[in-house]
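Accompanying notes for the structure given below.
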Amino acid sequence: MKKSFKSYWKKTWPLHVLLLPAVVIALIYNYIPIMGLVIAFQDYKPWLGFTKSPWVGFDHFKYLFEYPDGMQIIKNTLFIAFAKIITNMIFPVLFALFLNEIRVNWFKRTAQTFVYLPHFLSWVILGGIFVDVLSIRGGIVNRFLALFGIDPISFLSDGNWFRVTVIVSDAWKDFGFSAIIFLAAIAATNPALYEAAEIDGANRWQQVIHVTLPAIIPIFIVVATLSLGRVLDAGFDQIFNLYNPLVYNKGDIIDTFVYRIGLLGSQYSFATAIGFFKSVIGFIMIIISYRLAYKLAGYRIF
């Protein structure tokens, strides 16, 4: 056993050395900060540190549900996150089906390129663009609506319209890139199935319904169930770059609330407790989603 380990180590030590920097970085940025979760159970004072700050137990977690806007923030997060999950499942599938039916290759490649591009732009850039485009005064969208006699719409200052804007813009940004996995599933479909359907007299629409859709249902189930792990992740970077105090009631989510309370309000313990609560729920949902993916589609990582 010792000899086999020594011989194995002699052969693989260069690979371990190459891996070492990544392990060190992961420890520094992913694991050591976990110790900071202790402040969720303390009345943390920076000048006292972890060791001398007084313990308060679960008081901060209780305060989250007693906080005047606490439940509303959780509801906002769940609503926006679920809406994003649904739209980010439907639109990529429809787009993948659309591309699969295009027979003109140059048009197909051009369409793919254009819809992939927004995915690679950050919300810092897109946020500034949307603020100008959706402006109630001079925005190109409201100017277009004015041509039809429609009054200007406050997309970013009305809570209900803000939710619609966030959900639709997120789907627009990522549906092209998300369609790649469904295009791969369609490409893996046995061509003989289409030939058999054509021989039986099925037209293109019937082939989509009876051949293409059943072929992508397993991967659709996998993607949908794994998305449950992000049920409390409504997109901090997007909402942070688009929201304002006028839409806090409908657009404020857990992540933006933690930012304001923790970094701007210096309530470090309360903000950490909220983040810890979100992480625990997310961890539970990830376990459930993997269980569902295995039972419904036979998918498993380990």
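All residue names refer to the structure tokens as shown: chains lettered A, B, ... in order, residues numbered from 1 in each chain, ligands numbered from 1 in order.
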
message: When you look at segment 201-214 of chain A with a cut-off of 9 Å (counting only C-alpha atoms), what residues show up, excluding the ones that are within fewer than 3 positions of it in the same chain? I need them as a PyMOL selection string.
response: chain A and resi 97+101+186+189+193-194+196-198+217-218

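Nearest to Asp237 of chain A of all the residues A:Ser178, A:Thr77, A:Gln267, A:Thr256 is A:Thr256, counting only C-alpha atoms.
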
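Each of A:Phe220, A:Phe276, A:Phe240, A:Phe114 was checked against Lys173 of chain A using only C-alpha atoms; the smallest atom-to-atom distance is that of A:Phe114.
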
task: Using only C-alpha atoms, pick whichever of A:Leu147, A:Ile129, A:Ala185, A:Leu37 has the shortest atom-to-atom distance to Asn100 of chain A.
output: A:Ala185

message: When you look at Leu232 of chain A with a cut-off of 8 Å (counting only C-alpha atoms), what residues show up, excluding the ones that are within fewer than 4 positions of it in the same chain? I need them as a PyMOL selection string.
response: chain A and resi 77-78+81+254+278+281-282

Go ahead and dump the residues you just picked, C-alpha atoms, as an mmCIF file, in the first residue's frame.
data_model
loop_
_atom_site.group_PDB
_atom_site.id
_atom_site.type_symbol
_atom_site.label_atom_id
_atom_site.label_comp_id
_atom_site.auth_asym_id
_atom_site.auth_seq_id
_atom_site.Cartn_x
_atom_site.Cartn_y
_atom_site.Cartn_z
ATOM 1 C CA THR A 77 -37.638 37.806 -3.871
ATOM 2 C CA LEU A 78 -39.757 34.676 -4.351
ATOM 3 C CA ALA A 81 -37.085 34.621 -8.760
ATOM 4 C CA ILE A 254 -33.051 40.010 -0.032
ATOM 5 C CA LYS A 278 -30.863 32.761 2.446
ATOM 6 C CA ILE A 281 -32.763 27.851 2.283
ATOM 7 C CA GLY A 282 -30.766 27.744 -0.954
#

Selected residue, from A:Val166, A:Ile150, A:Ala179, A:Leu27, that lies nearest to Tyr116 of chain A when counting only C-alpha atoms: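 With only C-alpha atoms as the atom set, the closest residue is A:Ala179.
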
message: Taking only C-alpha atoms into account, name the residue in A:Ala271, A:Leu292, A:Val124, A:Ala171 that is nearest to Ile239 of chain A.
response: A:Val124

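The nearest approach to Ser169 of chain A among the residues A:Arg143, A:Arg260, A:Arg103, A:Lys84, with only C-alpha atoms taken into account, belongs to A:Lys84.
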
Would you pick out the contacts of Val280 of chain A at 12 Å or less, using only C-alpha atoms, so that residues sharing its chain but fewer than 4 positions from it are not included, and give the list as an mmCIF file with N, CA, C and O atoms, in the first residue's frame?
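around_11.cif, written as the output of this step:
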data_model
loop_
_atom_site.group_PDB
_atom_site.id
_atom_site.type_symbol
_atom_site.label_atom_id
_atom_site.label_comp_id
_atom_site.auth_asym_id
_atom_site.auth_seq_id
_atom_site.Cartn_x
_atom_site.Cartn_y
_atom_site.Cartn_z
ATOM 1 N N LEU A 37 -19.566 33.967 9.632
ATOM 2 C CA LEU A 37 -20.983 33.734 9.920
ATOM 3 C C LEU A 37 -21.285 33.817 11.410
ATOM 4 O O LEU A 37 -22.440 33.957 11.804
ATOM 5 N N GLY A 229 -32.691 25.620 -6.937
ATOM 6 C CA GLY A 229 -31.628 26.027 -6.020
ATOM 7 C C GLY A 229 -31.395 27.521 -6.020
ATOM 8 O O GLY A 229 -30.778 28.057 -5.096
ATOM 9 N N ARG A 230 -31.896 28.226 -7.051
ATOM 10 C CA ARG A 230 -31.738 29.679 -7.131
ATOM 11 C C ARG A 230 -33.029 30.402 -6.794
ATOM 12 O O ARG A 230 -33.237 31.543 -7.224
ATOM 13 N N VAL A 231 -33.886 29.759 -6.011
ATOM 14 C CA VAL A 231 -35.205 30.318 -5.754
ATOM 15 C C VAL A 231 -35.150 31.613 -4.945
ATOM 16 O O VAL A 231 -36.080 32.413 -4.996
ATOM 17 N N LEU A 232 -34.086 31.830 -4.196
ATOM 18 C CA LEU A 232 -33.933 33.080 -3.449
ATOM 19 C C LEU A 232 -32.886 34.000 -4.076
ATOM 20 O O LEU A 232 -32.464 34.971 -3.459
ATOM 21 N N ALA A 273 -27.104 37.665 9.271
ATOM 22 C CA ALA A 273 -28.158 36.707 9.609
ATOM 23 C C ALA A 273 -29.093 36.490 8.419
ATOM 24 O O ALA A 273 -29.501 35.363 8.126
ATOM 25 N N ILE A 274 -29.425 37.580 7.726
ATOM 26 C CA ILE A 274 -30.300 37.458 6.554
ATOM 27 C C ILE A 274 -29.603 36.655 5.457
ATOM 28 O O ILE A 274 -30.198 35.772 4.833
ATOM 29 N N GLY A 275 -28.322 36.967 5.211
ATOM 30 C CA GLY A 275 -27.572 36.216 4.206
ATOM 31 C C GLY A 275 -27.436 34.752 4.565
ATOM 32 O O GLY A 275 -27.519 33.873 3.693
ATOM 33 N N PHE A 276 -27.236 34.461 5.849
ATOM 34 C CA PHE A 276 -27.126 33.081 6.318
ATOM 35 C C PHE A 276 -28.446 32.347 6.125
ATOM 36 O O PHE A 276 -28.481 31.194 5.669
ATOM 37 N N ILE A 284 -30.916 23.851 1.067
ATOM 38 C CA ILE A 284 -32.009 22.868 1.154
ATOM 39 C C ILE A 284 -32.663 22.674 -0.216
ATOM 40 O O ILE A 284 -32.948 21.550 -0.637
ATOM 41 N N MET A 285 -32.900 23.779 -0.927
ATOM 42 C CA MET A 285 -33.540 23.695 -2.238
ATOM 43 C C MET A 285 -32.639 22.995 -3.254
ATOM 44 O O MET A 285 -33.134 22.295 -4.147
ATOM 45 N N ILE A 286 -31.324 23.163 -3.142
ATOM 46 C CA ILE A 286 -30.402 22.469 -4.043
ATOM 47 C C ILE A 286 -30.495 20.960 -3.831
ATOM 48 O O ILE A 286 -30.539 20.182 -4.793
ATOM 49 N N ILE A 287 -30.544 20.534 -2.559
ATOM 50 C CA ILE A 287 -30.671 19.101 -2.260
ATOM 51 C C ILE A 287 -31.980 18.559 -2.837
ATOM 52 O O ILE A 287 -32.016 17.505 -3.473
#

- request: Between atom CA of Gly251 of chain A and atom CA of Phe236 of chain A, measure the distance and give it in Å to one decimal.
  value: 10.8 Å
